[in-house]
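Trainee: As input, take data17.pdb (PDB, C-alpha atoms):
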```pdb
MODEL        1
ATOM      1  CA  MET A 254      41.309  76.472  58.637
ATOM      2  CA  ALA A 255      41.690  73.489  60.873
ATOM      3  CA  LEU A 256      38.654  71.248  61.319
ATOM      4  CA  SER A 257      37.397  70.496  64.763
ATOM      5  CA  GLY A 258      37.229  66.888  65.944
ATOM      6  CA  LYS A 259      33.493  66.767  65.361
ATOM      7  CA  ASP A 260      33.832  68.097  61.810
ATOM      8  CA  LYS A 261      36.555  65.547  61.062
ATOM      9  CA  SER A 262      34.322  62.776  62.324
ATOM     10  CA  ARG A 263      31.440  63.990  60.138
ATOM     11  CA  LYS A 264      33.733  64.161  57.103
ATOM     12  CA  GLN A 265      34.976  60.627  57.670
ATOM     13  CA  VAL A 266      31.409  59.365  58.002
ATOM     14  CA  ALA A 267      30.404  61.112  54.741
ATOM     15  CA  GLU A 268      33.437  59.703  52.914
ATOM     16  CA  TRP A 269      32.660  56.196  54.202
ATOM     17  CA  GLN A 270      29.008  56.483  53.116
ATOM     18  CA  SER A 271      30.093  57.715  49.681
ATOM     19  CA  TRP A 272      32.517  54.814  49.336
ATOM     20  CA  GLU A 273      29.871  52.321  50.462
ATOM     21  CA  LYS A 274      27.376  53.719  47.913
ATOM     22  CA  ARG A 275      29.965  53.423  45.112
ATOM     23  CA  ALA A 276      30.684  49.840  46.168
ATOM     24  CA  GLN A 277      26.977  49.008  46.106
ATOM     25  CA  ASP A 278      26.670  50.619  42.668
ATOM     26  CA  ARG A 279      29.597  48.560  41.383
ATOM     27  CA  LYS A 280      28.060  45.396  42.843
ATOM     28  CA  PHE A 281      24.715  46.210  41.180
ATOM     29  CA  LEU A 282      26.438  46.774  37.831
ATOM     30  CA  VAL A 283      28.318  43.488  38.143
ATOM     31  CA  VAL A 284      25.129  41.578  38.998
ATOM     32  CA  ALA A 285      23.140  43.313  36.226
ATOM     33  CA  GLY A 286      25.893  42.567  33.717
ATOM     34  CA  ALA A 287      25.964  38.912  34.739
ATOM     35  CA  LEU A 288      22.188  38.613  34.440
ATOM     36  CA  ALA A 289      22.258  40.306  31.035
ATOM     37  CA  ALA A 290      24.966  37.924  29.820
ATOM     38  CA  PHE A 291      23.004  34.935  31.144
ATOM     39  CA  ALA A 292      19.802  36.135  29.427
ATOM     40  CA  ALA A 293      21.676  36.688  26.160
ATOM     41  CA  ALA A 294      23.146  33.186  26.353
ATOM     42  CA  ILE A 295      19.654  31.706  26.899
ATOM     43  CA  LEU A 296      18.252  33.742  24.014
ATOM     44  CA  ILE A 297      21.033  32.712  21.641
ATOM     45  CA  GLY A 298      20.683  29.081  22.698
ATOM     46  CA  GLY A 299      16.925  29.254  22.182
ATOM     47  CA  VAL A 300      17.331  30.766  18.729
ATOM     48  CA  PHE A 301      19.769  28.052  17.654
ATOM     49  CA  SER A 302      17.577  25.335  19.181
ATOM     50  CA  MET A 303      14.479  26.638  17.381
ATOM     51  CA  ARG A 304      16.433  26.934  14.128
ATOM     52  CA  HIS A 305      17.563  23.325  14.526
ATOM     53  CA  VAL A 306      13.995  22.119  15.144
ATOM     54  CA  LEU A 307      12.645  24.056  12.160
ATOM     55  CA  LEU A 308      15.439  22.731   9.955
ATOM     56  CA  GLU A 309      14.702  19.169  11.052
ATOM     57  CA  HIS A 310      11.002  19.631  10.324
ATOM     58  CA  ALA A 311      11.770  21.123   6.921
ATOM     59  CA  LEU A 312      14.061  18.231   6.023
ATOM     60  CA  VAL A 313      11.447  15.696   7.137
ATOM     61  CA  ALA A 314       8.742  17.485   5.140
ATOM     62  CA  GLN A 315      10.972  17.578   2.066
ATOM     63  CA  SER A 316      11.684  13.842   2.258
ATOM     64  CA  ARG A 317       8.179  12.459   2.803
ATOM     65  CA  SER A 318       5.292  11.447   0.628
ATOM     66  CA  THR A 319       1.995  13.324   0.726
ATOM     67  CA  LEU A 320      -1.140  12.009  -0.939
ATOM     68  CA  ILE A 321      -4.023  14.366  -1.671
ATOM     69  CA  ASP A 322      -7.274  14.439  -3.608
ATOM     70  CA  ASN A 323      -6.074  16.117  -6.780
ATOM     71  CA  HIS A 324      -9.663  16.628  -7.919
ATOM     72  CA  PRO A 325     -13.068  16.094  -6.258
ATOM     73  CA  PRO A 326     -14.426  12.565  -6.707
ATOM     74  CA  GLN A 327     -17.007  11.918  -9.412
ATOM     75  CA  LEU A 328     -20.157   9.803  -9.251
ATOM     76  CA  LEU A 329     -20.249   7.591 -12.330
ATOM     77  CA  GLN A 330     -24.056   7.278 -12.212
ATOM     78  CA  PRO A 331     -26.769   9.708 -11.102
ATOM     79  CA  PHE A 332     -27.619   9.527  -7.423
ATOM     80  CA  ILE A 333     -31.106   8.301  -6.531
ATOM     81  CA  CYS A 334     -32.604   9.018  -3.115
ATOM     82  CA  ASP A 335     -35.803   7.040  -2.586
ATOM     83  CA  ALA A 336     -37.309   7.516   0.872
ATOM     84  CA  GLU A 337     -40.170   5.119   0.227
ATOM     85  CA  SER A 338     -37.988   2.112  -0.552
ATOM     86  CA  GLY A 339     -35.072   3.291   1.595
ATOM     87  CA  SER A 340     -32.653   2.724  -1.274
ATOM     88  CA  GLN A 341     -30.108   4.864  -3.071
ATOM     89  CA  GLY A 342     -28.428   4.630  -6.427
ATOM     90  CA  ALA A 343     -24.910   5.399  -7.729
ATOM     91  CA  ASN A 344     -22.702   2.392  -7.164
ATOM     92  CA  LYS A 345     -19.359   3.562  -8.565
ATOM     93  CA  ILE A 346     -17.108   6.472  -7.712
ATOM     94  CA  GLN A 347     -14.027   7.832  -9.503
ATOM     95  CA  THR A 348     -11.332   9.257  -7.237
ATOM     96  CA  PHE A 349      -8.261  11.289  -8.146
ATOM     97  CA  LEU A 350      -5.073  10.934  -6.108
ATOM     98  CA  LYS A 351      -1.680  12.603  -6.423
ATOM     99  CA  ASN A 352       1.560  12.240  -4.498
ATOM    100  CA  ILE A 353       2.793  15.807  -4.053
ATOM    101  CA  GLY A 354       5.709  14.710  -1.858
ATOM    102  CA  SER A 355       9.308  14.025  -2.831
ATOM    103  CA  VAL A 356       9.378  10.257  -2.186
ATOM    104  CA  GLY A 357       7.155   7.328  -3.048
ATOM    105  CA  THR A 358       4.322   5.777  -1.061
ATOM    106  CA  ALA A 359       3.480   2.220  -0.046
ATOM    107  CA  ASP A 360       0.425   0.389   1.320
ATOM    108  CA  VAL A 361      -1.942   2.836  -0.376
ATOM    109  CA  SER A 362      -5.658   2.222   0.194
ATOM    110  CA  SER A 363      -8.725   4.380  -0.414
ATOM    111  CA  THR A 364     -12.244   4.599   0.960
ATOM    112  CA  PHE A 365     -15.306   6.586  -0.052
ATOM    113  CA  LEU A 366     -18.728   6.885   1.530
ATOM    114  CA  LEU A 367     -21.886   8.850   0.857
ATOM    115  CA  GLN A 368     -24.225  10.305   3.441
ATOM    116  CA  VAL A 369     -27.615  11.937   3.014
ATOM    117  CA  VAL A 370     -28.151  14.786   5.490
ATOM    118  CA  PRO A 371     -31.785  15.918   5.922
ATOM    119  CA  GLU A 372     -32.576  19.628   5.926
ATOM    120  CA  GLN A 373     -35.023  18.988   8.773
ATOM    121  CA  HIS A 374     -33.011  17.259  11.472
ATOM    122  CA  VAL A 375     -34.290  13.916  12.716
ATOM    123  CA  GLY A 376     -32.566  14.018  16.115
ATOM    124  CA  ILE A 377     -29.887  11.413  15.289
ATOM    125  CA  ALA A 378     -26.377  12.882  15.170
ATOM    126  CA  SER A 379     -25.045  10.329  12.678
ATOM    127  CA  PHE A 380     -27.681  11.532  10.181
ATOM    128  CA  ASP A 381     -28.001  15.210  11.120
ATOM    129  CA  GLU A 382     -24.298  16.146  11.154
ATOM    130  CA  ILE A 383     -22.089  16.647   8.110
ATOM    131  CA  PRO A 384     -19.836  13.574   7.953
ATOM    132  CA  ALA A 385     -16.099  13.795   8.564
ATOM    133  CA  GLY A 386     -13.271  11.433   7.704
ATOM    134  CA  ASN A 387     -11.285   9.417  10.230
ATOM    135  CA  CYS A 388      -7.556  10.137   9.942
ATOM    136  CA  ARG A 389      -6.681   8.223  13.118
ATOM    137  CA  ASP A 390      -7.773   4.672  12.330
ATOM    138  CA  LYS A 391      -7.629   2.859   9.027
ATOM    139  CA  PRO A 392     -11.016   1.202   8.440
ATOM    140  CA  ARG A 393     -11.392  -2.426   7.508
ATOM    141  CA  GLY A 394     -12.264  -3.181   3.932
ATOM    142  CA  SER A 395     -10.391  -0.225   2.439
ATOM    143  CA  ARG A 396      -9.535  -0.724  -1.218
ATOM    144  CA  ARG A 397      -5.840  -1.254  -1.997
ATOM    145  CA  THR A 398      -4.436   0.792  -4.872
ATOM    146  CA  ALA A 399      -1.037   0.875  -6.549
ATOM    147  CA  ALA A 400       1.857   2.626  -4.809
ATOM    148  CA  LEU A 401       2.549   6.127  -6.109
ATOM    149  CA  SER A 402       5.995   7.554  -6.774
ATOM    150  CA  ALA A 403       6.750  11.245  -6.226
ATOM    151  CA  GLY A 404       4.563  13.416  -8.480
ATOM    152  CA  GLU A 405       2.537  10.449  -9.755
ATOM    153  CA  GLU A 406      -1.258  10.507 -10.095
ATOM    154  CA  ALA A 407      -3.840   7.713  -9.940
ATOM    155  CA  THR A 408      -7.590   7.515 -10.595
ATOM    156  CA  PRO A 409      -8.906   4.467  -8.734
ATOM    157  CA  ARG A 410     -12.565   3.526  -9.132
ATOM    158  CA  LEU A 411     -14.234   2.465  -5.913
ATOM    159  CA  PRO A 412     -17.487   0.650  -5.215
ATOM    160  CA  LEU A 413     -19.789   2.470  -2.828
ATOM    161  CA  PRO A 414     -20.619   0.658   0.398
ATOM    162  CA  ALA A 415     -24.247   0.275   1.439
ATOM    163  CA  MET A 416     -25.656   3.504   2.848
ATOM    164  CA  ALA A 417     -28.543   3.851   5.283
ATOM    165  CA  LEU A 418     -30.992   6.670   4.618
ATOM    166  CA  PRO A 419     -32.174   8.813   7.534
ATOM    167  CA  PRO A 420     -35.747   8.257   8.724
ATOM    168  CA  ILE A 421     -37.419  10.789   6.411
ATOM    169  CA  LEU A 422     -40.614  10.909   4.395
ATOM    170  CA  ASN A 423     -40.782  10.793   0.629
ATOM    171  CA  GLY A 424     -40.342  14.282  -0.806
ATOM    172  CA  GLU A 425     -38.308  15.758   2.062
ATOM    173  CA  ALA A 426     -35.364  18.055   1.273
ATOM    174  CA  VAL A 427     -31.852  16.689   1.749
ATOM    175  CA  GLN A 428     -28.217  17.295   0.891
ATOM    176  CA  LEU A 429     -25.636  14.714  -0.139
ATOM    177  CA  TYR A 430     -22.031  14.555   1.105
ATOM    178  CA  GLY A 431     -19.127  12.335   0.096
ATOM    179  CA  VAL A 432     -16.106  11.515   2.269
ATOM    180  CA  SER A 433     -12.914  10.514   0.439
ATOM    181  CA  CYS A 434     -10.008   9.084   2.472
ATOM    182  CA  VAL A 435      -6.609   7.716   1.493
ATOM    183  CA  TYR A 436      -4.288   5.784   3.824
ATOM    184  CA  TYR A 437      -0.622   5.131   3.043
ATOM    185  CA  SER A 438       2.897   4.643   4.381
ATOM    186  CA  ASP A 439       5.981   6.706   3.603
ATOM    187  CA  SER A 440       9.508   5.500   2.890
ATOM    188  CA  SER A 441      10.189   5.239   6.634
ATOM    189  CA  ARG A 442       7.104   3.023   7.097
ATOM    190  CA  ASN A 443       5.242   5.743   8.985
ATOM    191  CA  ASP A 444       1.476   5.628   8.473
ATOM    192  CA  HIS A 445      -0.438   8.644   7.179
ATOM    193  CA  ALA A 446      -3.985   9.509   6.201
ATOM    194  CA  ALA A 447      -5.850  12.312   4.444
ATOM    195  CA  CYS A 448      -9.645  12.742   4.297
ATOM    196  CA  ASP A 449     -11.828  15.332   2.573
ATOM    197  CA  THR A 450     -15.591  15.835   2.826
ATOM    198  CA  TYR A 451     -17.282  17.193  -0.313
ATOM    199  CA  ARG A 452     -20.811  18.496  -0.857
ATOM    200  CA  PHE A 453     -22.716  17.225  -3.876
ATOM    201  CA  ARG A 454     -24.328  19.809  -6.146
ATOM    202  CA  PRO A 455     -26.988  18.667  -8.652
ATOM    203  CA  THR A 456     -26.797  20.111 -12.161
ATOM    204  CA  ARG A 457     -29.594  22.577 -11.398
ATOM    205  CA  GLY A 458     -27.191  24.412  -9.089
ATOM    206  CA  THR A 459     -28.479  24.227  -5.514
ATOM    207  CA  PRO A 460     -27.095  21.529  -3.169
ATOM    208  CA  VAL A 461     -30.567  20.954  -1.689
ATOM    209  CA  PHE A 462     -32.781  18.471  -3.546
ATOM    210  CA  VAL A 463     -35.879  16.372  -2.846
ATOM    211  CA  CYS A 464     -35.607  12.713  -1.865
ATOM    212  CA  ASP A 465     -38.375  11.316  -4.081
ATOM    213  CA  GLY A 466     -36.640   8.757  -6.287
ATOM    214  CA  THR A 467     -35.650  11.243  -9.015
ATOM    215  CA  PRO A 468     -32.130  10.577 -10.406
ATOM    216  CA  GLN A 469     -29.798  13.447  -9.528
ATOM    217  CA  ALA A 470     -26.878  14.095 -11.875
ATOM    218  CA  GLY A 471     -24.258  16.560 -10.704
ATOM    219  CA  LYS A 472     -20.812  16.859  -9.197
ATOM    220  CA  PHE A 473     -19.043  17.520  -5.929
ATOM    221  CA  ASP A 474     -17.920  21.060  -5.129
ATOM    222  CA  GLU A 475     -14.241  21.801  -5.761
ATOM    223  CA  ALA A 476     -13.546  22.935  -2.192
ATOM    224  CA  PRO A 477     -14.037  20.403   0.623
ATOM    225  CA  VAL A 478     -16.179  21.428   3.596
ATOM    226  CA  ALA A 479     -14.027  19.466   6.050
ATOM    227  CA  SER A 480     -10.550  17.907   5.960
ATOM    228  CA  CYS A 481      -8.048  16.097   8.125
ATOM    229  CA  ALA A 482      -4.506  14.816   7.558
ATOM    230  CA  ASN A 483      -1.545  13.440   9.464
TER     231      ASN A 483
ENDMDL
END
```
Is it possible to give me this structure as structure tokens?

Mentor:
Amino acid sequence: MALSGKDKSRKQVAEWQSWEKRAQDRKFLVVAGALAAFAAAILIGGVFSMRHVLLEHALVAQSRSTLIDNHPPQLLQPFICDAESGSQGANKIQTFLKNIGSVGTADVSSTFLLQVVPEQHVGIASFDEIPAGNCRDKPRGSRRTAALSAGEEATPRLPLPAMALPPILNGEAVQLYGVSCVYYSDSSRNDHAACDTYRFRPTRGTPVFVCDGTPQAGKFDEAPVASCAN
């Protein structure tokens, strides 16, 4: 049956619309495929870049020195807190260092300080807060110790610097904290530091004791309460 002119025109329009839709679909598929390929390339590049960074970090970590406190420090005399005279006893400290890295260290120096923290705060942050080490700046007067090769240990004895007691009355309850820091350089002459803050525990078990001039024998807890390293 022959189509009329109007029907032919409608058929041509429908065929043209169908062709245009197929062309748009093909264009969409081409664009989507290109975007997918671009995203895959970025992902693969990111994976390889991250792998390279992680590998570099691992190699650096494997070829550097790392000094740590191998054991909590030890007071070589009982600690005496005397609020009346404002003095404290215990003038020597034994520290325990170990290089757990794969290369040696240089320019090794150690510091140690004690701080009495009152149970009843006195309103002065430097006395009320638990002390923390400074891993950013090497303090003046730090004690030089021998360089340590990979896996080597050392037990330097340090004198304790003068310590100011908080403004407390005789017989008030306090706790004692010690901050041990070690500063050193690696084989590439990069500077590093590691500090640990330990809480002192008298032999009777509780870390809280009375500041009344009574000698306090004891030891620092195994686990530090604060640490920093770089």

Trainee: Identify which of the residues A:Glu405, A:Asp449, A:Asp335, A:Glu382 lies closest to A:Pro468, counting all atoms listed in the file when measuring atom-to-atom distances.

Mentor: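 The closest residue to A:Pro468 is A:Asp335.
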
Trainee: Between atom CA of A:Thr456 and atom CA of A:Asp474, what distance in Å does the model show, to one decimal?

Mentor: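 Between atom CA of A:Thr456 and atom CA of A:Asp474 the gap works out to 11.4 Å.
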
Trainee: Using all atoms listed in the file, which protein or nucleic acid residues come within 10 Å of A:Val435? Drop anything in the same chain fewer than 6 positions from it, and give the result as a PyMOL selection string.

Mentor: chain A and resi 320-322+350+361-365+386+388+391+395-398+445-449+482

Trainee: Go ahead and compute the interatomic distance for atom CA of A:Ser440 and atom CA of A:Asn323, in Å to one decimal.

Mentor: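 About the pair atom CA of A:Ser440 and atom CA of A:Asn323: they are 21.2 Å apart.
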
Trainee: Using only C-alpha atoms, determine which residues lie at most 6 Å from A:Gly424, disregarding the query and same-chain residues fewer than 6 positions distant; provide the list as a PyMOL selection string.

Mentor: chain A and resi 463-465

Trainee: Separation of atom CA of A:Val369 and atom CA of A:His324, in Å?

Mentor: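 Distance between the two atoms: 21.5 Å.
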
Trainee: Identify all residues satisfying the PyMOL selection byres ((chain A and resi 370) around 6) in the given file; provide them as a ChimeraX atom specification.

Mentor: /A:369,371,380-381,427-428

Trainee: Step by step, work through what the PyMOL selection byres ((chain A and resi 477) around 9) selects in the shown file, and finish by giving those residues as an MDAnalysis selection string.

Mentor: chainID A and resid 325 449:452 473:476 478:480

Trainee: Leaving out A:Leu329 and any residue of its chain fewer than 2 positions from it, which residues lie within 12 Å of it when counting all atoms listed in the file, given as a list in words?

Mentor: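 Near A:Leu329, the qualifying residues are Pro326, Gln327, Pro331, Phe332, Gly342, Ala343, Asn344, Lys345, Ile346, Gln347, Thr348, Arg410, Leu411, Pro412, Leu413, Gln469, Ala470, Gly471, Lys472 and Phe473 of chain A.
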
Trainee: Which one is closest to A:Ile421: A:Thr467, A:Val375, A:Asn352, A:Asn483? Count all atoms listed in the file.

Mentor: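 Answer, going by the shortest atom-to-atom distance: A:Val375.
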
Trainee: Which of these residues is nearest to A:His374, using only C-alpha atoms: A:Leu328, A:Ala426, A:Val432, A:Ala399?

Mentor: A:Ala426

Trainee: Would you list the contacts of A:Ser338 as an mmCIF file with C-alpha atoms, in the frame of the given file, taking every protein, DNA or RNA residue within 10 Å and counting all atoms listed in the file, but skipping same-chain residues closer than 4 positions in sequence?

Mentor:
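Done, and the output landed in around26.cif:
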```
data_model
loop_
_atom_site.group_PDB
_atom_site.id
_atom_site.type_symbol
_atom_site.label_atom_id
_atom_site.label_comp_id
_atom_site.auth_asym_id
_atom_site.auth_seq_id
_atom_site.Cartn_x
_atom_site.Cartn_y
_atom_site.Cartn_z
ATOM 1 C CA CYS A 334 -32.604 9.018 -3.115
ATOM 2 C CA LEU A 418 -30.992 6.670 4.618
ATOM 3 C CA ASN A 423 -40.782 10.793 0.629
ATOM 4 C CA ASP A 465 -38.375 11.316 -4.081
ATOM 5 C CA GLY A 466 -36.640 8.757 -6.287
#
```
